[in-house]
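K.L.:
protein.txt is reproduced in full below (compact mmCIF, C-alpha atoms).
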# COMPACT_ATOMS: atom_id res chain seq x y z
CA MET A 87 -19.72 -41.34 65.06
CA LYS A 88 -16.94 -43.39 66.63
CA ALA A 89 -16.89 -47.12 65.87
CA THR A 90 -14.61 -49.98 66.72
CA ILE A 91 -14.85 -52.81 64.21
CA SER A 92 -12.85 -55.90 63.49
CA ASP A 93 -11.40 -56.69 60.08
CA ASN A 94 -13.93 -59.50 59.70
CA GLU A 95 -16.86 -57.18 60.39
CA PHE A 96 -15.44 -54.56 58.05
CA TYR A 97 -14.85 -56.82 55.07
CA ALA A 98 -18.03 -58.81 55.64
CA GLY A 99 -19.95 -55.77 54.43
CA LEU A 100 -19.59 -53.06 57.06
CA GLN A 101 -22.61 -54.33 58.93
CA GLN A 102 -21.78 -52.45 62.14
CA LEU A 103 -22.76 -48.96 61.10
CA PRO A 104 -21.76 -46.21 63.53
CA LYS A 105 -24.44 -44.07 65.12
CA PRO A 106 -23.59 -40.38 65.36
CA LYS A 107 -24.15 -38.80 68.77
CA TYR A 108 -26.51 -36.12 67.55
CA PRO A 109 -28.10 -34.03 70.30
CA PHE A 110 -31.13 -33.57 68.04
CA PRO A 111 -34.43 -35.46 68.22
CA ASP A 112 -35.47 -37.71 65.34
CA SER A 113 -38.94 -36.96 63.97
CA ILE A 114 -41.06 -37.66 60.90
CA HIS A 115 -43.90 -35.79 59.20
CA PRO A 116 -47.35 -37.13 60.16
CA ASP A 117 -48.30 -37.43 56.46
CA PHE A 118 -45.29 -39.54 55.49
CA GLN A 119 -47.44 -42.57 54.60
CA LEU A 120 -49.72 -40.49 52.35
CA GLN A 121 -46.63 -39.09 50.66
CA ARG A 122 -45.31 -42.62 50.17
CA GLU A 123 -48.54 -43.63 48.40
CA GLU A 124 -48.21 -40.69 46.01
CA TYR A 125 -44.59 -41.69 45.42
CA TYR A 126 -45.53 -45.28 44.52
CA ASP A 127 -48.19 -43.95 42.16
CA TRP A 128 -45.90 -41.56 40.31
CA ILE A 129 -43.26 -44.26 39.89
CA ASP A 130 -45.88 -46.43 38.17
CA LYS A 131 -47.15 -43.59 35.99
CA GLU A 132 -44.12 -41.39 35.34
CA TYR A 133 -41.18 -43.80 35.42
CA ILE A 134 -42.30 -46.36 32.86
CA PHE A 135 -39.05 -45.73 30.94
CA HIS A 136 -37.36 -47.53 33.84
CA SER A 137 -37.31 -51.31 33.91
CA LYS A 138 -39.87 -52.97 36.19
CA GLU A 139 -36.99 -54.15 38.38
CA ALA A 140 -35.73 -50.57 38.80
CA ARG A 141 -39.22 -49.28 39.63
CA GLU A 142 -39.77 -51.93 42.28
CA LYS A 143 -36.39 -51.19 43.87
CA HIS A 144 -37.19 -47.48 43.98
CA LYS A 145 -40.46 -48.23 45.75
CA GLN A 146 -38.58 -50.17 48.43
CA HIS A 147 -36.26 -47.21 49.01
CA ASN A 148 -39.12 -44.89 50.12
CA LEU A 149 -37.18 -41.85 48.95
CA THR A 150 -39.91 -39.40 49.95
CA ASP A 151 -39.22 -40.33 53.58
CA ILE A 152 -36.01 -38.28 53.25
CA ALA A 153 -38.19 -35.16 53.04
CA ALA A 154 -40.64 -36.37 55.70
CA ARG A 155 -37.77 -36.92 58.14
CA GLY A 156 -35.71 -33.91 57.06
CA CYS A 157 -38.54 -31.38 57.40
CA PRO A 158 -41.04 -33.01 59.78
CA PHE A 159 -42.68 -29.72 60.84
CA LEU A 160 -44.17 -28.62 57.51
CA LYS A 161 -47.80 -27.89 58.24
CA ASN A 162 -49.43 -30.15 55.64
CA LEU A 163 -48.93 -32.55 52.74
CA ALA A 164 -49.07 -29.69 50.21
CA GLU A 165 -45.95 -28.14 51.77
CA LEU A 166 -44.20 -31.51 52.03
CA ARG A 167 -44.93 -32.48 48.42
CA PRO A 168 -42.38 -30.23 46.59
CA LEU A 169 -39.51 -31.28 48.85
CA ALA A 170 -40.52 -34.94 48.63
CA SER A 171 -40.65 -34.63 44.85
CA TYR A 172 -37.18 -33.09 44.76
CA ALA A 173 -35.75 -35.76 47.08
CA ALA A 174 -37.20 -38.70 45.18
CA ASP A 175 -36.85 -37.42 41.64
CA GLY A 176 -33.34 -36.13 42.29
CA ALA A 177 -32.21 -39.52 43.58
CA MET A 178 -33.94 -41.51 40.84
CA MET A 179 -32.62 -39.14 38.18
CA ASP A 180 -29.10 -39.52 39.54
CA ASP A 181 -29.51 -43.31 39.38
CA TYR A 182 -30.95 -43.33 35.87
CA PHE A 183 -28.33 -40.99 34.37
CA ASP A 184 -25.47 -42.68 36.23
CA ARG A 185 -23.62 -43.47 32.99
CA CYS A 186 -24.16 -40.20 31.15
CA SER A 187 -21.33 -37.78 30.33
CA HIS A 188 -20.59 -34.36 31.81
CA ASP A 189 -21.99 -32.62 28.73
CA GLU A 190 -25.14 -34.75 28.71
CA MET A 191 -25.76 -34.03 32.40
CA THR A 192 -25.24 -30.32 31.76
CA GLU A 193 -27.89 -30.39 29.02
CA ILE A 194 -30.28 -32.25 31.33
CA ALA A 195 -29.67 -29.67 34.07
CA THR A 196 -30.37 -26.80 31.67
CA ARG A 197 -33.72 -28.32 30.66
CA ILE A 198 -34.71 -28.99 34.27
CA MET A 199 -33.89 -25.44 35.36
CA ALA A 200 -35.91 -23.96 32.48
CA LEU A 201 -38.92 -25.94 33.69
CA LEU A 202 -38.40 -25.01 37.35
CA THR A 203 -37.95 -21.29 36.71
CA GLY A 204 -40.86 -21.13 34.29
CA ASP A 205 -38.61 -19.98 31.44
CA ASP A 206 -40.08 -22.99 29.68
CA PRO A 207 -43.73 -22.89 30.77
CA ASN A 208 -44.84 -25.77 28.55
CA GLU A 209 -45.80 -29.02 30.22
CA PRO A 210 -43.60 -31.84 28.85
CA THR A 211 -45.71 -34.15 26.71
CA ASN A 212 -43.98 -37.33 27.87
CA ASN A 213 -44.09 -38.74 31.37
CA GLY A 214 -40.77 -38.98 33.11
CA ILE A 215 -38.11 -36.94 34.86
CA PHE A 216 -38.72 -33.64 33.03
CA HIS A 217 -42.47 -33.89 33.56
CA GLN A 218 -41.91 -34.51 37.26
CA PHE A 219 -39.81 -31.37 37.63
CA TRP A 220 -42.52 -29.40 35.81
CA ILE A 221 -44.99 -30.82 38.36
CA LEU A 222 -42.65 -29.81 41.19
CA ARG A 223 -43.00 -26.18 40.11
CA GLN A 224 -46.79 -26.50 40.04
CA ASN A 225 -46.70 -27.94 43.57
CA VAL A 226 -44.57 -25.01 44.76
CA ILE A 227 -47.14 -22.60 43.32
CA ALA A 228 -49.96 -24.57 44.93
CA CYS A 229 -48.42 -24.45 48.43
CA GLU A 230 -47.74 -20.70 48.05
CA MET A 231 -44.02 -20.85 48.71
CA PRO A 232 -42.77 -17.24 48.90
CA GLU A 233 -40.85 -16.26 45.77
CA ARG A 234 -37.67 -15.26 47.62
CA HIS A 235 -37.51 -18.67 49.29
CA TYR A 236 -38.20 -20.45 46.01
CA LYS A 237 -35.33 -18.54 44.38
CA LYS A 238 -32.95 -19.71 47.14
CA PHE A 239 -34.25 -23.26 46.75
CA LEU A 240 -33.75 -23.15 42.96
CA LYS A 241 -30.25 -21.70 43.19
CA SER A 242 -29.17 -24.49 45.52
CA LEU A 243 -30.91 -27.11 43.37
CA HIS A 244 -29.05 -25.82 40.32
CA GLU A 245 -25.79 -26.29 42.22
CA VAL A 246 -26.79 -29.91 42.91
CA LEU A 247 -27.23 -30.47 39.17
CA ILE A 248 -23.88 -28.82 38.42
CA GLY A 249 -22.31 -31.14 40.99
CA TYR A 250 -23.92 -34.15 39.29
CA ALA A 251 -22.30 -33.07 36.01
CA ASP A 252 -18.89 -32.38 37.55
CA GLU A 253 -18.68 -35.73 39.32
CA ARG A 254 -19.32 -37.51 35.99
CA VAL A 255 -15.82 -36.48 34.90
CA TYR A 256 -14.37 -38.58 37.73
CA TYR A 257 -16.83 -41.43 37.28
CA ARG A 258 -16.22 -41.80 33.56
CA SER A 259 -12.43 -41.69 33.92
CA ASN A 260 -12.54 -43.97 37.01
CA THR A 261 -10.50 -41.33 38.86
CA ILE A 262 -10.60 -40.49 42.56
CA PRO A 263 -10.54 -36.70 43.08
CA PRO A 264 -8.23 -34.85 45.49
CA LEU A 265 -9.83 -34.09 48.85
CA PRO A 266 -10.45 -30.33 48.21
CA VAL A 267 -12.18 -31.12 44.92
CA TYR A 268 -14.20 -33.89 46.54
CA LEU A 269 -15.43 -31.53 49.29
CA LEU A 270 -16.60 -28.92 46.77
CA ILE A 271 -18.48 -31.44 44.65
CA ARG A 272 -19.85 -33.46 47.58
CA GLU A 273 -21.33 -30.38 49.23
CA ALA A 274 -23.45 -30.06 46.09
CA THR A 275 -24.18 -33.70 45.31
CA SER A 276 -25.27 -34.60 48.82
CA GLY A 277 -28.42 -32.75 47.73
CA VAL A 278 -28.76 -31.13 51.15
CA GLN A 279 -28.47 -27.42 50.34
CA PRO A 280 -32.04 -27.33 48.91
CA PHE A 281 -33.20 -29.00 52.14
CA CYS A 282 -31.47 -26.28 54.18
CA LYS A 283 -33.33 -23.64 52.19
CA TYR A 284 -36.61 -25.50 52.58
CA VAL A 285 -36.29 -25.64 56.37
CA ALA A 286 -37.36 -21.98 56.25
CA MET A 287 -40.81 -23.18 55.11
CA GLN A 288 -41.42 -24.70 58.56
CA LYS A 289 -43.06 -22.99 61.53
CA ASP A 290 -42.64 -19.19 61.23
CA TYR A 291 -39.16 -19.27 59.69
CA ARG A 292 -40.29 -17.83 56.36
CA GLN A 293 -40.46 -14.52 58.24
CA LEU A 294 -36.68 -14.54 58.71
CA PRO A 295 -35.14 -11.80 56.56
CA ASP A 296 -32.45 -12.44 53.96
CA SER A 297 -29.95 -10.69 56.24
CA VAL A 298 -30.35 -13.71 58.54
CA LEU A 299 -30.76 -16.54 56.04
CA GLU A 300 -27.82 -15.36 53.94
CA HIS A 301 -25.55 -14.52 56.87
CA LEU A 302 -22.13 -16.21 56.58
CA HIS A 303 -22.68 -17.96 59.93
CA ILE A 304 -25.92 -19.55 58.69
CA GLN A 305 -24.43 -20.36 55.29
CA ARG A 306 -21.55 -22.18 56.98
CA LEU A 307 -24.07 -24.23 58.97
CA HIS A 308 -25.73 -25.17 55.65
CA THR A 309 -22.36 -26.28 54.29
CA ILE A 310 -21.65 -28.39 57.37
CA CYS A 311 -25.09 -30.03 57.12
CA SER A 312 -24.43 -30.85 53.48
CA LEU A 313 -21.05 -32.40 54.18
CA MET A 314 -22.20 -34.39 57.21
CA ILE A 315 -25.03 -35.94 55.22
CA GLY A 316 -22.75 -36.49 52.24
CA ILE A 317 -20.38 -38.39 54.54
CA HIS A 318 -23.33 -40.42 55.92
CA ASN A 319 -24.12 -41.46 52.41
CA ASP A 320 -20.51 -42.33 51.60
CA ILE A 321 -20.08 -44.49 54.69
CA ILE A 322 -23.42 -46.26 54.35
CA SER A 323 -23.05 -46.79 50.59
CA LEU A 324 -19.44 -48.01 50.85
CA PRO A 325 -20.38 -51.72 50.71
CA LYS A 326 -21.93 -51.24 47.27
CA GLU A 327 -19.31 -48.77 46.07
CA LEU A 328 -16.46 -51.14 46.88
CA HIS A 329 -17.99 -53.42 44.23
CA ARG A 330 -18.17 -50.68 41.56
CA GLU A 331 -14.95 -49.25 40.17
CA GLU A 332 -16.49 -46.06 38.81
CA ASP A 333 -17.98 -45.02 42.18
CA THR A 334 -15.00 -42.81 42.97
CA MET A 335 -16.78 -39.91 44.70
CA ASN A 336 -16.61 -41.43 48.18
CA LEU A 337 -14.75 -39.88 51.10
CA VAL A 338 -13.33 -43.23 52.19
CA LYS A 339 -11.78 -43.83 48.77
CA VAL A 340 -10.56 -40.21 48.65
CA LEU A 341 -8.85 -40.50 52.05
CA GLN A 342 -7.35 -43.85 51.14
CA GLN A 343 -5.73 -42.22 48.10
CA GLU A 344 -4.79 -39.04 49.98
CA HIS A 345 -3.03 -40.85 52.84
CA LYS A 346 -1.87 -44.00 50.99
CA THR A 347 -3.56 -46.18 53.57
CA SER A 348 -5.93 -49.14 53.81
CA ILE A 349 -9.68 -48.91 53.21
CA LYS A 350 -10.29 -49.69 56.87
CA GLU A 351 -8.00 -46.89 58.07
CA ALA A 352 -9.57 -44.50 55.58
CA TYR A 353 -13.01 -45.51 56.85
CA MET A 354 -12.02 -44.61 60.40
CA MET A 355 -10.61 -41.30 59.14
CA ALA A 356 -13.92 -40.56 57.43
CA LEU A 357 -15.77 -41.07 60.72
CA GLU A 358 -13.39 -38.58 62.33
CA VAL A 359 -13.95 -36.04 59.55
CA HIS A 360 -17.70 -36.33 60.16
CA ASP A 361 -17.27 -35.89 63.91
CA ASN A 362 -15.17 -32.77 63.40
CA TYR A 363 -17.95 -31.25 61.28
CA LEU A 364 -20.47 -32.12 64.00
CA LYS A 365 -18.27 -30.40 66.61
CA GLU A 366 -18.07 -27.32 64.38
CA PHE A 367 -21.86 -27.30 63.94
CA LEU A 368 -22.38 -27.41 67.70
CA ILE A 369 -19.86 -24.62 68.31
CA LEU A 370 -21.54 -22.41 65.70
CA GLN A 371 -24.94 -23.28 67.16
CA GLU A 372 -23.79 -22.24 70.63
CA HIS A 373 -22.15 -19.02 69.44
CA LEU A 374 -24.71 -17.47 67.11
CA PRO A 375 -24.19 -13.83 66.09
CA SER A 376 -26.56 -11.19 67.37
CA PHE A 377 -29.72 -11.21 65.25
CA GLY A 378 -31.71 -8.76 67.36
CA GLN A 379 -35.45 -9.39 67.33
CA TRP A 380 -34.90 -12.65 65.38
CA GLN A 381 -32.57 -14.26 67.93
CA ASP A 382 -34.98 -16.82 69.39
CA MET A 383 -36.36 -17.75 66.00
CA VAL A 384 -32.85 -18.20 64.57
CA ARG A 385 -31.93 -20.40 67.52
CA ASN A 386 -34.94 -22.62 66.80
CA TYR A 387 -34.20 -22.60 63.06
CA VAL A 388 -30.64 -23.84 63.68
CA GLU A 389 -31.99 -26.54 65.99
CA ASP A 390 -34.26 -27.67 63.15
CA LEU A 391 -31.26 -27.79 60.81
CA GLY A 392 -29.83 -30.31 63.28
CA ILE A 393 -33.11 -32.22 63.31
CA MET A 394 -32.91 -32.30 59.51
CA VAL A 395 -29.44 -33.92 59.67
CA ALA A 396 -30.57 -36.46 62.25
CA GLY A 397 -33.70 -37.18 60.23
CA VAL A 398 -31.84 -37.85 56.99
CA TYR A 399 -29.46 -40.15 58.87
CA ALA A 400 -32.49 -41.96 60.29
CA TRP A 401 -33.72 -42.52 56.73
CA HIS A 402 -30.28 -43.83 55.75
CA THR A 403 -30.28 -46.35 58.58
CA ASN A 404 -33.97 -47.31 58.27
CA ASP A 405 -33.53 -48.13 54.60
CA THR A 406 -32.01 -51.59 54.34
CA SER A 407 -32.20 -52.06 50.58
CA ARG A 408 -30.71 -49.13 48.66
CA TYR A 409 -27.10 -49.19 49.87
CA ILE A 410 -26.32 -52.88 49.81
CA ASN A 411 -24.58 -54.72 47.00
CA GLY A 412 -27.29 -55.53 44.46
CA GLY A 413 -29.91 -53.36 46.14
CA TYR A 414 -29.15 -50.19 44.20
CA VAL A 415 -30.60 -49.26 40.83
CA GLU A 416 -28.13 -49.49 37.97
CA GLY A 417 -28.01 -46.58 35.51
CA GLU A 418 -30.22 -47.51 32.57
CA TYR A 419 -29.54 -44.47 30.42
CA THR A 420 -27.32 -45.22 27.43
CA SER A 421 -24.77 -42.45 26.96
CA LYS A 422 -24.41 -41.25 23.40
The structure in this file should be written as structure tokens.
P.N.:
Amino acid sequence: MKATISDNEFYAGLQQLPKPKYPFPDSIHPDFQLQREEYYDWIDKEYIFHSKEAREKHKQHNLTDIAARGCPFLKNLAELRPLASYAADGAMMDDYFDRCSHDEMTEIATRIMALLTGDDPNEPTNNGIFHQFWILRQNVIACEMPERHYKKFLKSLHEVLIGYADERVYYRSNTIPPLPVYLLIREATSGVQPFCKYVAMQKDYRQLPDSVLEHLHIQRLHTICSLMIGIHNDIISLPKELHREEDTMNLVKVLQQEHKTSIKEAYMMALEVHDNYLKEFLILQEHLPSFGQWQDMVRNYVEDLGIMVAGVYAWHTNDTSRYINGGYVEGEYTSK
């Protein structure tokens, strides 16, 4: 992800985005356009509590493409739909509740998890975020996602919501966290762990036993994927976040504080942090443990984790509206 940029290019808006040297192909699900159309429709029907301006911006962002690029080998639209719903609703929810408190986000997370687990089986009467997460569960049931995989997906999704709540403490106090705290929270808020779990829905990977999927080697690969994509987001969203004081959960800002250096130097450090994670991923990919009869399938599964990372980066770079100053959706929720 190396880049050489002049001061003028840097401060003009970071237009020269680096391209990571991923040895993974970039692909997209064949039904991505159909999924987009569903996405536009549910924004119009479910997100009427958003301003018209916010809804139109969300349509331009094509958030369901994150799922279509991250898991391009799902066999049909029914299998793509739950992940696309999570990707889009998670991002739009994060935007909408941008100004809420830690306690408010915790309450929201509790309600969402009750709907996703079925502890609250009642369909929400109002359209909106909670109704969409109820629908997500119905879509999971419809595509016959195995229960053990759904439990892994839900556990990781819950950690995303906890991360959303924890980062609010730093947002509301306009405080930049220490690097170790940032890494813990960013692994969650990148939103990638649920994607890592969902990769097992592709091809024949749902056959992989828990002894493989929960192996420390595989779990570390999931962590690295989450951090690499979190760093993508930080670097690409930096132009907008430099204009917003409360956007403190950004690796560049964290490194600037940690090393008492300039934004430009911190930016270059962030690229190096990303590249070190990529090197670690490739080493772990090359030196997989012995998984016996599952060895070839695990090797392919890890390759598809790499394709997921490359795919999400491709979405980041193909979208030219969400991460520019003025292109993002401001939080419209009024904190109590």
K.L.:
Could you please determine the separation between CA of Gly316 in chain A and CA of Ile114 in chain A in Å, to one decimal place?
P.N.:
20.3 Å
K.L.:
Enumerate, in order of chain and increasing residue number, the residues of range 358-395 of chain A with an atom no farther than 12 Å from range 331-338 of chain A, each with its shortest atom pair and distance in Å to one decimal, counting all atoms listed in the file, as JSON lines.
P.N.:
{"residue": "A:Glu358", "atom": "CA", "partner": "A:Val338", "partner_atom": "CA", "distance": 11.2}
{"residue": "A:Val359", "atom": "CA", "partner": "A:Leu337", "partner_atom": "CA", "distance": 9.3}
{"residue": "A:His360", "atom": "CA", "partner": "A:Leu337", "partner_atom": "CA", "distance": 10.2}
K.L.:
Using only C-alpha atoms, determine which residues lie at most 8 Å from His235 in chain A, disregarding the query and same-chain residues fewer than 6 positions distant; provide the list as an mmCIF file with C-alpha atoms, in the frame of the given file.
P.N.:
data_model
loop_
_atom_site.group_PDB
_atom_site.id
_atom_site.type_symbol
_atom_site.label_atom_id
_atom_site.label_comp_id
_atom_site.auth_asym_id
_atom_site.auth_seq_id
_atom_site.Cartn_x
_atom_site.Cartn_y
_atom_site.Cartn_z
ATOM 1 C CA LYS A 283 -33.330 -23.640 52.190
ATOM 2 C CA TYR A 284 -36.610 -25.500 52.580
ATOM 3 C CA ALA A 286 -37.360 -21.980 56.250
ATOM 4 C CA ARG A 292 -40.290 -17.830 56.360
#
K.L.:
Between CA of Arg272 in chain A and CA of Leu368 in chain A, what is the spacing in Å?
P.N.:
21.2 Å
K.L.:
Would you pick out the contacts of Ile248 in chain A at 8 Å or less, using only C-alpha atoms, so that residues sharing its chain but fewer than 2 positions from it are not included, and give the list as a ChimeraX atom specification?
P.N.:
/A:192,195,244-246,250-252,274
K.L.:
Rounded to one decimal in Å, what is the spacing between CA of Met287 in chain A and CA of Glu165 in chain A?
P.N.:
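Value for the CA of Met287 in chain A-CA of Glu165 in chain A distance: 7.9 Å.
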K.L.:
Show me, as a JSON list (two decimals) with C-alpha atoms, keeping the file's coordinate frame, the residues that have an atom within 9 Å of Ser276 in chain A when counting only C-alpha atoms, minus same-chain residues fewer than 3 positions from it.
P.N.:
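And here is the file that came out, selection10.json:
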[["chain", "number", "residue", "atom", "x", "y", "z"],
["A", 246, "VAL", "CA", -26.79, -29.91, 42.91],
["A", 271, "ILE", "CA", -18.48, -31.44, 44.65],
["A", 272, "ARG", "CA", -19.85, -33.46, 47.58],
["A", 273, "GLU", "CA", -21.33, -30.38, 49.23],
["A", 279, "GLN", "CA", -28.47, -27.42, 50.34],
["A", 312, "SER", "CA", -24.43, -30.85, 53.48],
["A", 313, "LEU", "CA", -21.05, -32.40, 54.18],
["A", 314, "MET", "CA", -22.20, -34.39, 57.21],
["A", 315, "ILE", "CA", -25.03, -35.94, 55.22],
["A", 316, "GLY", "CA", -22.75, -36.49, 52.24],
["A", 317, "ILE", "CA", -20.38, -38.39, 54.54],
["A", 319, "ASN", "CA", -24.12, -41.46, 52.41]]
K.L.:
Taking all atoms listed in the file into account, which of A:His303, A:His147, A:Lys107, A:His217 comes nearest Tyr126 in chain A?
P.N.:
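Counting all atoms listed in the file, the residue closest to Tyr126 in chain A is A:His147.
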K.L.:
Give me, as a list in words, all polymer residues having an atom no more than 10 Å from range 219-227 of chain A, counting only C-alpha atoms and skipping those fewer than 6 positions away in the same chain.
P.N.:
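What passes the distance filter is Ala164, Glu165, Leu166, Arg167, Pro168, Leu169, Ala170, Ser171, Tyr172, Asp175, Gly176, Arg197, Ile198, Met199, Ala200, Leu201, Leu202, Thr203, Gly204, Asp206, Pro207, Asn208, Glu209, Pro210, Glu233 and Tyr236 of chain A.
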K.L.:
Only C-alpha atoms, please: the residues just picked out, written as a CSV table (one decimal), in the frame of the given file.
P.N.:
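Written out: part_14.csv:
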chain,number,residue,atom,x,y,z
A,164,ALA,CA,-49.1,-29.7,50.2
A,165,GLU,CA,-46.0,-28.1,51.8
A,166,LEU,CA,-44.2,-31.5,52.0
A,167,ARG,CA,-44.9,-32.5,48.4
A,168,PRO,CA,-42.4,-30.2,46.6
A,169,LEU,CA,-39.5,-31.3,48.8
A,170,ALA,CA,-40.5,-34.9,48.6
A,171,SER,CA,-40.6,-34.6,44.8
A,172,TYR,CA,-37.2,-33.1,44.8
A,175,ASP,CA,-36.8,-37.4,41.6
A,176,GLY,CA,-33.3,-36.1,42.3
A,197,ARG,CA,-33.7,-28.3,30.7
A,198,ILE,CA,-34.7,-29.0,34.3
A,199,MET,CA,-33.9,-25.4,35.4
A,200,ALA,CA,-35.9,-24.0,32.5
A,201,LEU,CA,-38.9,-25.9,33.7
A,202,LEU,CA,-38.4,-25.0,37.4
A,203,THR,CA,-38.0,-21.3,36.7
A,204,GLY,CA,-40.9,-21.1,34.3
A,206,ASP,CA,-40.1,-23.0,29.7
A,207,PRO,CA,-43.7,-22.9,30.8
A,208,ASN,CA,-44.8,-25.8,28.6
A,209,GLU,CA,-45.8,-29.0,30.2
A,210,PRO,CA,-43.6,-31.8,28.8
A,233,GLU,CA,-40.8,-16.3,45.8
A,236,TYR,CA,-38.2,-20.4,46.0
K.L.:
When you count only C-alpha atoms, which of these residues is closest to Tyr256 in chain A: A:Ala400, A:Met354, A:Met178, A:Cys186?
P.N.:
A:Cys186
K.L.:
Could you pull the residues within 7 Å of Val340 in chain A, counting all atoms listed in the file, minus those fewer than 3 positions along the same chain, as a PDB file with C-alpha atoms, in the frame of the given file?
P.N.:
ATOM      1  CA  ILE A 262     -10.600 -40.490  42.560  1.00  0.00           C
ATOM      2  CA  PRO A 263     -10.540 -36.700  43.080  1.00  0.00           C
ATOM      3  CA  PRO A 264      -8.230 -34.850  45.490  1.00  0.00           C
ATOM      4  CA  LEU A 265      -9.830 -34.090  48.850  1.00  0.00           C
ATOM      5  CA  ASN A 336     -16.610 -41.430  48.180  1.00  0.00           C
ATOM      6  CA  LEU A 337     -14.750 -39.880  51.100  1.00  0.00           C
ATOM      7  CA  GLN A 343      -5.730 -42.220  48.100  1.00  0.00           C
ATOM      8  CA  GLU A 344      -4.790 -39.040  49.980  1.00  0.00           C
TER       9      GLU A 344
END
